[in-house]
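So this one's my_file36.tsv, TSV, C-alpha atoms and all ligand atoms:
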chain	number	residue	atom	x	y	z
S	1	MET	CA	-14.01	2.92	-10.62
S	2	ASN	CA	-12.68	-0.22	-12.26
S	3	ARG	CA	-9.89	-1.68	-10.07
S	4	THR	CA	-7.14	-1.60	-12.73
S	5	LEU	CA	-7.95	2.00	-13.60
S	6	ASP	CA	-8.11	2.84	-9.90
S	7	ILE	CA	-4.59	1.55	-9.28
S	8	ALA	CA	-3.20	3.04	-12.53
S	9	THR	CA	-4.53	6.55	-11.79
S	10	SER	CA	-3.35	6.35	-8.18
S	11	LEU	CA	0.11	5.42	-9.46
S	12	GLY	CA	-0.18	8.40	-11.82
S	13	ALA	CA	-0.74	10.63	-8.78
S	14	THR	CA	2.38	9.24	-7.07
S	15	LEU	CA	4.53	9.73	-10.18
S	16	ALA	CA	3.21	13.27	-10.68
S	17	ARG	CA	4.80	14.15	-7.32
S	18	PHE	CA	8.10	12.45	-8.21
S	19	GLY	CA	7.73	10.04	-5.31
S	20	ALA	CA	7.46	12.67	-2.54
S	21	GLY	CA	6.21	10.98	0.61
S	22	LEU	CA	7.90	7.69	-0.22
S	23	ARG	CA	10.91	7.60	2.07
S	24	VAL	CA	12.02	8.98	5.42
S	25	GLU	CA	14.48	11.90	5.42
S	26	ALA	CA	16.84	13.07	8.20
S	27	LEU	CA	14.92	13.16	11.49
S	28	GLY	CA	15.12	15.64	14.35
S	29	ALA	CA	13.23	15.91	17.65
S	30	ARG	CA	10.31	13.51	18.13
S	31	PRO	CA	6.89	14.79	19.22
S	32	GLU	CA	5.26	13.17	22.24
S	33	GLN	CA	1.72	13.45	20.92
S	34	PRO	CA	0.43	12.94	17.37
S	35	LEU	CA	-0.08	16.13	15.39
S	36	GLU	CA	-3.59	16.92	14.16
S	37	LEU	CA	-4.23	17.61	10.48
S	38	TYR	CA	-7.52	18.84	9.04
S	39	GLU	CA	-7.43	18.14	5.34
S	40	PHE	CA	-8.94	16.31	2.42
S	41	GLU	CA	-7.34	13.86	0.02
S	42	GLY	CA	-8.47	15.61	-3.18
S	43	CYS	CA	-6.89	18.94	-2.15
S	44	PRO	CA	-3.48	19.59	-3.79
S	45	TYR	CA	-2.29	21.74	-0.89
S	46	CYS	CA	-3.19	19.12	1.72
S	47	ARG	CA	-0.95	16.56	0.02
S	48	LYS	CA	2.22	18.52	0.88
S	49	PRO	CA	1.93	18.32	4.70
S	50	ARG	CA	0.99	14.64	4.39
S	51	GLU	CA	4.12	14.03	2.29
S	52	ALA	CA	6.21	15.90	4.84
S	53	ALA	CA	4.72	13.79	7.65
S	54	THR	CA	5.84	10.61	5.87
S	55	ALA	CA	9.31	12.09	5.26
S	56	LEU	CA	9.56	13.03	8.94
S	57	ASP	CA	8.05	9.78	10.21
S	58	LEU	CA	5.30	11.61	12.09
S	59	GLU	CA	2.12	10.17	13.54
S	60	LEU	CA	-0.94	12.21	12.66
S	61	MET	CA	-4.56	12.36	13.72
S	62	ILE	CA	-6.37	12.97	10.48
S	63	TYR	CA	-9.68	14.80	10.58
S	64	PRO	CA	-11.08	14.57	7.05
S	65	CYS	CA	-12.78	17.74	5.81
S	66	PRO	CA	-14.10	16.96	2.32
S	67	LYS	CA	-16.25	19.57	0.59
S	68	ARG	CA	-19.84	19.49	1.93
S	69	GLY	CA	-18.49	17.68	5.01
S	70	THR	CA	-20.35	18.27	8.26
S	71	ARG	CA	-18.10	16.74	10.94
S	72	PHE	CA	-14.77	18.58	11.18
S	73	ARG	CA	-14.94	21.62	8.92
S	74	LYS	CA	-16.59	23.60	11.68
S	75	VAL	CA	-13.65	22.91	14.03
S	76	VAL	CA	-11.31	24.68	11.61
S	77	ARG	CA	-13.75	27.56	11.15
S	78	GLU	CA	-14.04	28.01	14.91
S	79	ARG	CA	-10.30	27.72	15.67
S	80	GLY	CA	-8.78	29.52	12.70
S	81	GLY	CA	-11.59	31.79	11.52
S	82	LYS	CA	-12.13	30.34	8.04
S	83	GLU	CA	-12.67	27.09	6.16
S	84	GLN	CA	-9.33	26.64	4.45
S	85	PHE	CA	-7.37	23.42	4.26
S	86	PRO	CA	-4.89	22.12	5.29
S	87	TYR	CA	-4.96	23.25	8.93
S	88	LEU	CA	-2.40	21.90	11.38
S	89	ILE	CA	-2.60	21.72	15.16
S	90	ASP	CA	0.53	20.70	17.03
S	91	PRO	CA	-0.50	19.92	20.63
S	92	ASN	CA	3.20	19.56	21.53
S	93	THR	CA	4.01	23.22	20.90
S	94	GLY	CA	0.57	24.85	20.86
S	95	LYS	CA	1.13	26.01	17.26
S	96	GLU	CA	-1.81	26.10	14.83
S	97	MET	CA	-1.60	27.18	11.20
S	98	TYR	CA	-3.03	27.37	7.71
S	99	GLU	CA	-0.92	27.47	4.51
S	100	SER	CA	0.65	24.29	3.23
S	101	ASP	CA	4.14	25.76	2.69
S	102	ASP	CA	4.19	27.24	6.20
S	103	ILE	CA	3.13	23.87	7.60
S	104	VAL	CA	5.82	21.99	5.65
S	105	ARG	CA	8.50	24.48	6.71
S	106	TYR	CA	7.33	24.25	10.33
S	107	LEU	CA	7.41	20.45	10.31
S	108	PHE	CA	10.94	20.24	8.89
S	109	ALA	CA	12.21	22.91	11.28
S	110	GLN	CA	10.57	21.32	14.33
S	111	TYR	CA	10.88	17.59	13.57
S	112	GLY	CA	13.53	17.42	10.83
S	113	THR	CA	16.93	18.99	10.58
S	114	GLY	CA	16.03	22.41	9.18
S	115	ARG	CA	14.91	23.41	5.70
S	116	PRO	CA	12.68	21.08	3.69
S	117	PRO	CA	14.07	19.52	0.50
S	118	LEU	CA	12.83	21.43	-2.59
S	119	LEU	CA	10.45	18.62	-3.53
S	120	TYR	CA	8.42	19.25	-0.35
S	121	THR	CA	7.83	22.99	-0.72
S	122	GLY	CA	8.96	23.98	-4.20
S	123	GLY	CA	6.44	26.85	-4.54
S	124	PRO	CA	4.38	26.95	-7.75
S	125	LEU	CA	6.01	23.81	-9.18
S	126	ALA	CA	5.02	21.74	-6.15
S	127	ASN	CA	1.48	23.13	-6.30
S	128	LEU	CA	1.26	22.41	-10.03
S	129	SER	CA	2.51	18.83	-9.70
S	130	SER	CA	0.19	18.24	-6.75
S	131	THR	CA	-2.73	19.60	-8.77
S	132	ILE	CA	-1.81	17.22	-11.60
S	133	ALA	CA	-1.69	14.39	-9.02
S	134	CYS	CA	-5.24	15.31	-7.94
S	135	GLY	CA	-6.27	15.42	-11.60
S	136	TRP	CA	-5.29	11.78	-11.99
S	137	ARG	CA	-7.74	10.92	-9.22
S	138	LEU	CA	-10.61	12.99	-10.61
S	139	ASN	CA	-12.96	13.67	-7.71
S	140	GLN	CA	-11.86	10.90	-5.35
S	141	GLY	CA	-11.55	12.22	-1.81
S	142	VAL	CA	-13.03	15.62	-2.65
S	143	TYR	CA	-16.70	15.41	-1.64
S	144	ALA	CA	-18.33	14.03	1.50
S	145	GLU	CA	-20.62	11.06	1.16
S	146	PRO	CA	-23.40	10.21	3.65
S	147	SER	CA	-21.87	8.18	6.47
S	148	LYS	CA	-22.21	6.99	10.07
S	149	ALA	CA	-19.60	8.35	12.47
S	150	PRO	CA	-17.49	5.73	14.30
S	151	ALA	CA	-17.45	5.92	18.10
S	152	GLN	CA	-13.64	5.79	18.14
S	153	PRO	CA	-11.14	6.88	15.47
S	154	LEU	CA	-9.77	4.12	13.25
S	155	GLU	CA	-6.06	3.41	12.71
S	156	LEU	CA	-4.26	3.21	9.39
S	157	TRP	CA	-0.67	2.23	8.61
S	158	SER	CA	0.29	3.91	5.37
S	159	PHE	CA	2.72	6.16	3.56
S	160	GLU	CA	1.76	9.06	1.34
S	161	ALA	CA	3.23	7.88	-1.96
S	162	SER	CA	1.69	4.40	-1.89
S	163	PRO	CA	-0.97	4.13	-4.63
S	164	PHE	CA	-2.83	1.48	-2.60
S	165	CYS	CA	-2.85	3.48	0.62
S	166	ARG	CA	-4.24	6.48	-1.26
S	167	ILE	CA	-7.26	4.43	-2.38
S	168	ALA	CA	-8.04	3.55	1.26
S	169	ARG	CA	-7.41	7.10	2.53
S	170	GLU	CA	-9.74	8.62	-0.07
S	171	VAL	CA	-12.64	6.55	1.21
S	172	LEU	CA	-11.86	7.36	4.85
S	173	CYS	CA	-11.92	10.98	3.72
S	174	SER	CA	-15.20	10.89	1.81
S	175	LEU	CA	-16.88	9.11	4.73
S	176	GLU	CA	-15.40	11.70	7.16
S	177	ILE	CA	-13.89	8.98	9.34
S	178	PRO	CA	-11.19	10.29	11.68
S	179	TYR	CA	-8.14	8.09	11.96
S	180	ARG	CA	-4.73	7.82	13.49
S	181	LEU	CA	-2.26	7.72	10.63
S	182	HIS	CA	0.87	5.69	11.34
S	183	ASN	CA	3.38	6.65	8.67
S	184	VAL	CA	5.73	3.85	7.71
S	185	GLY	CA	7.61	5.20	4.69
S	186	ARG	CA	10.73	3.49	3.33
S	187	GLY	CA	13.43	3.70	5.98
S	188	SER	CA	10.94	4.32	8.79
S	189	PRO	CA	12.22	3.29	12.22
S	190	ARG	CA	8.63	2.20	12.95
S	191	ARG	CA	8.59	-0.57	10.38
S	192	GLU	CA	9.97	-3.21	12.71
S	193	ALA	CA	7.27	-2.61	15.34
S	194	PHE	CA	4.65	-2.55	12.60
S	195	VAL	CA	5.72	-5.96	11.26
S	196	GLU	CA	5.62	-7.33	14.80
S	197	ARG	CA	2.11	-5.92	15.22
S	198	SER	CA	0.65	-6.92	11.84
S	199	GLY	CA	2.68	-9.96	10.78
S	200	LYS	CA	4.11	-8.57	7.55
S	201	MET	CA	5.37	-5.39	5.91
S	202	GLN	CA	2.39	-4.47	3.80
S	203	VAL	CA	0.30	-1.31	3.68
S	204	PRO	CA	-2.42	-0.15	3.82
S	205	PHE	CA	-3.28	-1.90	7.09
S	206	LEU	CA	-6.51	-0.82	8.77
S	207	VAL	CA	-7.52	-1.44	12.38
S	208	ASP	CA	-11.02	-0.62	13.53
S	209	PRO	CA	-11.17	-0.62	17.34
S	210	ASN	CA	-14.97	-0.33	17.14
S	211	THR	CA	-15.37	-3.76	15.57
S	212	GLN	CA	-11.94	-5.36	16.18
S	213	VAL	CA	-11.58	-5.80	12.41
S	214	GLU	CA	-8.01	-5.74	11.02
S	215	LEU	CA	-7.46	-5.67	7.26
S	216	PHE	CA	-4.76	-5.53	4.61
S	217	GLU	CA	-5.65	-4.98	0.92
S	218	SER	CA	-7.05	-1.66	-0.25
S	219	ALA	CA	-10.01	-3.23	-2.07
S	220	ASP	CA	-11.06	-5.10	1.11
S	221	ILE	CA	-10.61	-1.96	3.20
S	222	VAL	CA	-12.78	0.07	0.80
S	223	ARG	CA	-15.49	-2.61	0.85
S	224	TYR	CA	-15.37	-2.81	4.65
S	225	LEU	CA	-15.53	0.96	5.16
S	226	ARG	CA	-18.45	1.40	2.78
S	227	ALA	CA	-20.38	-1.53	4.31
S	228	THR	CA	-19.74	-0.44	7.90
S	229	TYR	CA	-19.85	3.37	7.75
S	230	GLY	CA	-21.46	4.22	4.42
S	231	SER	CA	-25.18	4.85	4.32
S	301	LIG	N1	-2.38	28.77	-0.02
S	301	LIG	C1	-3.16	27.77	0.67
S	301	LIG	C2	-4.26	27.35	-0.25
S	301	LIG	C3	-5.22	26.38	0.43
S	301	LIG	C4	-6.51	26.18	-0.35
S	301	LIG	O1	-6.84	26.96	-1.27
S	301	LIG	N2	-7.25	25.13	0.01
S	301	LIG	C5	-8.56	24.87	-0.58
S	301	LIG	C6	-8.76	23.39	-0.84
S	301	LIG	S1	-7.64	22.73	-2.06
S	301	LIG	C7	-9.65	25.24	0.39
S	301	LIG	O2	-9.42	25.27	1.59
S	301	LIG	N3	-10.84	25.51	-0.12
S	301	LIG	C8	-11.99	25.79	0.70
S	301	LIG	C9	-12.89	24.64	0.85
S	301	LIG	O3	-12.55	23.51	0.48
S	301	LIG	O4	-13.95	24.85	1.42
S	301	LIG	C10	-2.24	26.62	1.07
S	301	LIG	O5	-1.22	26.37	0.41
S	301	LIG	O6	-2.53	25.96	2.10
Go through the file and emit its structure as structure tokens.
Amino acid sequence: MNRTLDIATSLGATLARFGAGLRVEALGARPEQPLELYEFEGCPYCRKPREAATALDLELMIYPCPKRGTRFRKVVRERGGKEQFPYLIDPNTGKEMYESDDIVRYLFAQYGTGRPPLLYTGGPLANLSSTIACGWRLNQGVYAEPSKAPAQPLELWSFEASPFCRIAREVLCSLEIPYRLHNVGRGSPRREAFVERSGKMQVPFLVDPNTQVELFESADIVRYLRATYGS
């Protein structure tokens, strides 16, 4: 996709969700270990738990499960009994679940201060606006593309509502590359440490421990991922 169109449609997706996943909300208990989310970027239901994770400043291990994917879909089938996404595993509590609204409610109850704001569950309206957001992105982050698996998961600093981060996440998804997602939404207490680590407050920021490459700029990240892991 042409770069200007790419950014414009990604911004369209952010606006369609009224900026959910932009800033951090009231925080509760902090998990010791990152939560694990099996999802894909082009799935409207998967967006809601990712938004909630930004709002709750949670670290996630993302296991991308695009359609026709061969790496992580089977894990969900084996653990939960069916291929339905999103699927959350919380190693801190032993809880595992399907259903985006259940996941969002669980996250706010466990790691926020109770009930989620309407924007984050919102029933049919949230699903409709998330579907419209996916529509803006056509088929980006829906289907798996042939790829080489990295030996170790990558790391990405991001927040859900950022149009530039979405562009990088969609490619990680299509290439089925697992990654540790460091959420640094507006108001995140992690931002200071991130700036110390990276040198500036800019996302997306990708670290590949397999090659020691560190990159800002979504277009550079996309180029790097395709050259290194695409086939
Ligand atoms: N009510 C479920 C709906 C989930 C759902 O329908 N997910 C679709 C993807 S958007 C799915 O898993 N489809 C099966 C597949 O992709 O193989 C929720 O909110 O989590």
Test item: residues no farther than 9 Å from ligand LIG 301 (chain S), counting only C-alpha atoms and all ligand atoms, as an mmCIF file with C-alpha atoms, in the frame of the given file:
data_model
loop_
_atom_site.group_PDB
_atom_site.id
_atom_site.type_symbol
_atom_site.label_atom_id
_atom_site.label_comp_id
_atom_site.auth_asym_id
_atom_site.auth_seq_id
_atom_site.Cartn_x
_atom_site.Cartn_y
_atom_site.Cartn_z
ATOM 1 C CA GLU S 39 -7.430 18.140 5.340
ATOM 2 C CA PHE S 40 -8.940 16.310 2.420
ATOM 3 C CA GLY S 42 -8.470 15.610 -3.180
ATOM 4 C CA CYS S 43 -6.890 18.940 -2.150
ATOM 5 C CA PRO S 44 -3.480 19.590 -3.790
ATOM 6 C CA TYR S 45 -2.290 21.740 -0.890
ATOM 7 C CA CYS S 46 -3.190 19.120 1.720
ATOM 8 C CA LYS S 48 2.220 18.520 0.880
ATOM 9 C CA CYS S 65 -12.780 17.740 5.810
ATOM 10 C CA PRO S 66 -14.100 16.960 2.320
ATOM 11 C CA LYS S 67 -16.250 19.570 0.590
ATOM 12 C CA ARG S 68 -19.840 19.490 1.930
ATOM 13 C CA ARG S 73 -14.940 21.620 8.920
ATOM 14 C CA LYS S 82 -12.130 30.340 8.040
ATOM 15 C CA GLU S 83 -12.670 27.090 6.160
ATOM 16 C CA GLN S 84 -9.330 26.640 4.450
ATOM 17 C CA PHE S 85 -7.370 23.420 4.260
ATOM 18 C CA PRO S 86 -4.890 22.120 5.290
ATOM 19 C CA TYR S 87 -4.960 23.250 8.930
ATOM 20 C CA TYR S 98 -3.030 27.370 7.710
ATOM 21 C CA GLU S 99 -0.920 27.470 4.510
ATOM 22 C CA SER S 100 0.650 24.290 3.230
ATOM 23 C CA ASP S 101 4.140 25.760 2.690
ATOM 24 C CA ASP S 102 4.190 27.240 6.200
ATOM 25 C CA ILE S 103 3.130 23.870 7.600
ATOM 26 C CA ASN S 127 1.480 23.130 -6.300
ATOM 27 C CA THR S 131 -2.730 19.600 -8.770
ATOM 28 C CA VAL S 142 -13.030 15.620 -2.650
#
TODO: Name the closest residue to Asp57 (chain S) among the candidates S:Ala133, S:Met97, S:Ala29, S:Val184; distances are taken between atoms, counting only C-alpha atoms.
DONE: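 Of S:Ala133, S:Met97, S:Ala29, S:Val184, the one nearest Asp57 (chain S), counting only C-alpha atoms, is S:Val184.
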Local residues around (-1.7, 7.2, -10.4), at most 12 Å away, using all atoms listed in the file, as a tab-separated table (two decimals) with C-alpha atoms, in the coordinates of the input:
chain	number	residue	atom	x	y	z
S	4	THR	CA	-7.14	-1.60	-12.73
S	5	LEU	CA	-7.95	2.00	-13.60
S	6	ASP	CA	-8.11	2.84	-9.90
S	7	ILE	CA	-4.59	1.55	-9.28
S	8	ALA	CA	-3.20	3.04	-12.53
S	9	THR	CA	-4.53	6.55	-11.79
S	10	SER	CA	-3.35	6.35	-8.18
S	11	LEU	CA	0.11	5.42	-9.46
S	12	GLY	CA	-0.18	8.40	-11.82
S	13	ALA	CA	-0.74	10.63	-8.78
S	14	THR	CA	2.38	9.24	-7.07
S	15	LEU	CA	4.53	9.73	-10.18
S	16	ALA	CA	3.21	13.27	-10.68
S	17	ARG	CA	4.80	14.15	-7.32
S	18	PHE	CA	8.10	12.45	-8.21
S	19	GLY	CA	7.73	10.04	-5.31
S	130	SER	CA	0.19	18.24	-6.75
S	132	ILE	CA	-1.81	17.22	-11.60
S	133	ALA	CA	-1.69	14.39	-9.02
S	134	CYS	CA	-5.24	15.31	-7.94
S	135	GLY	CA	-6.27	15.42	-11.60
S	136	TRP	CA	-5.29	11.78	-11.99
S	137	ARG	CA	-7.74	10.92	-9.22
S	138	LEU	CA	-10.61	12.99	-10.61
S	140	GLN	CA	-11.86	10.90	-5.35
S	161	ALA	CA	3.23	7.88	-1.96
S	162	SER	CA	1.69	4.40	-1.89
S	163	PRO	CA	-0.97	4.13	-4.63
S	164	PHE	CA	-2.83	1.48	-2.60
S	165	CYS	CA	-2.85	3.48	0.62
S	166	ARG	CA	-4.24	6.48	-1.26
S	167	ILE	CA	-7.26	4.43	-2.38
TODO: Determine the nearest neighbour of Tyr38 (chain S) from the options S:Phe72, S:Tyr120, S:Phe216, S:Phe205, counting only C-alpha atoms.
DONE: S:Phe72
Task: Nearest to Glu59 (chain S), chosen from S:Ser188, S:Gln202, S:Ser218, S:Ser147, with only C-alpha atoms counted in the distances - done: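 Counting only C-alpha atoms, the residue closest to Glu59 (chain S) is S:Ser188.
The two atoms in question, CA of Pro153 (chain S) and CA of Pro178 (chain S), are spaced 5.1 Å apart.
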Open item on the list: With distances taken over only C-alpha atoms, which residue among S:Pro34, S:Gly21, S:Pro117, S:Pro150 lies nearest Pro91 (chain S)?
Closed with: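 Once distances to Pro91 (chain S) are computed over only C-alpha atoms, the minimum belongs to S:Pro34.
Across the model, the gap from CA of Leu154 (chain S) to CA of Leu107 (chain S) is 23.9 Å.
Nearest-residue note for Leu35 (chain S): choosing from S:Arg3, S:Arg105, S:Arg186, S:Lys95, the minimum distance belongs to S:Lys95, counting only C-alpha atoms.
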Open item on the list: Using all atoms listed in the file and a cutoff of 10 Å, can you tell me which residues are near (-12.3, -0.3, 12.8) in the file's coordinates, and write them out as an MDAnalysis selection string?
Closed with: chainID S and resid 150:156 179 206:215 221 224:225 228:229
- [ ] Enter the distance from CA of Asn139 (chain S) to CA of Glu170 (chain S), in Å, rounded to one decimal.
- [x]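 A separation of 9.7 Å between them.
Considering only C-alpha atoms, the residue among S:Leu172, S:Ala52, S:Lys200, S:Glu160 positioned nearest to Tyr143 (chain S) is S:Leu172.
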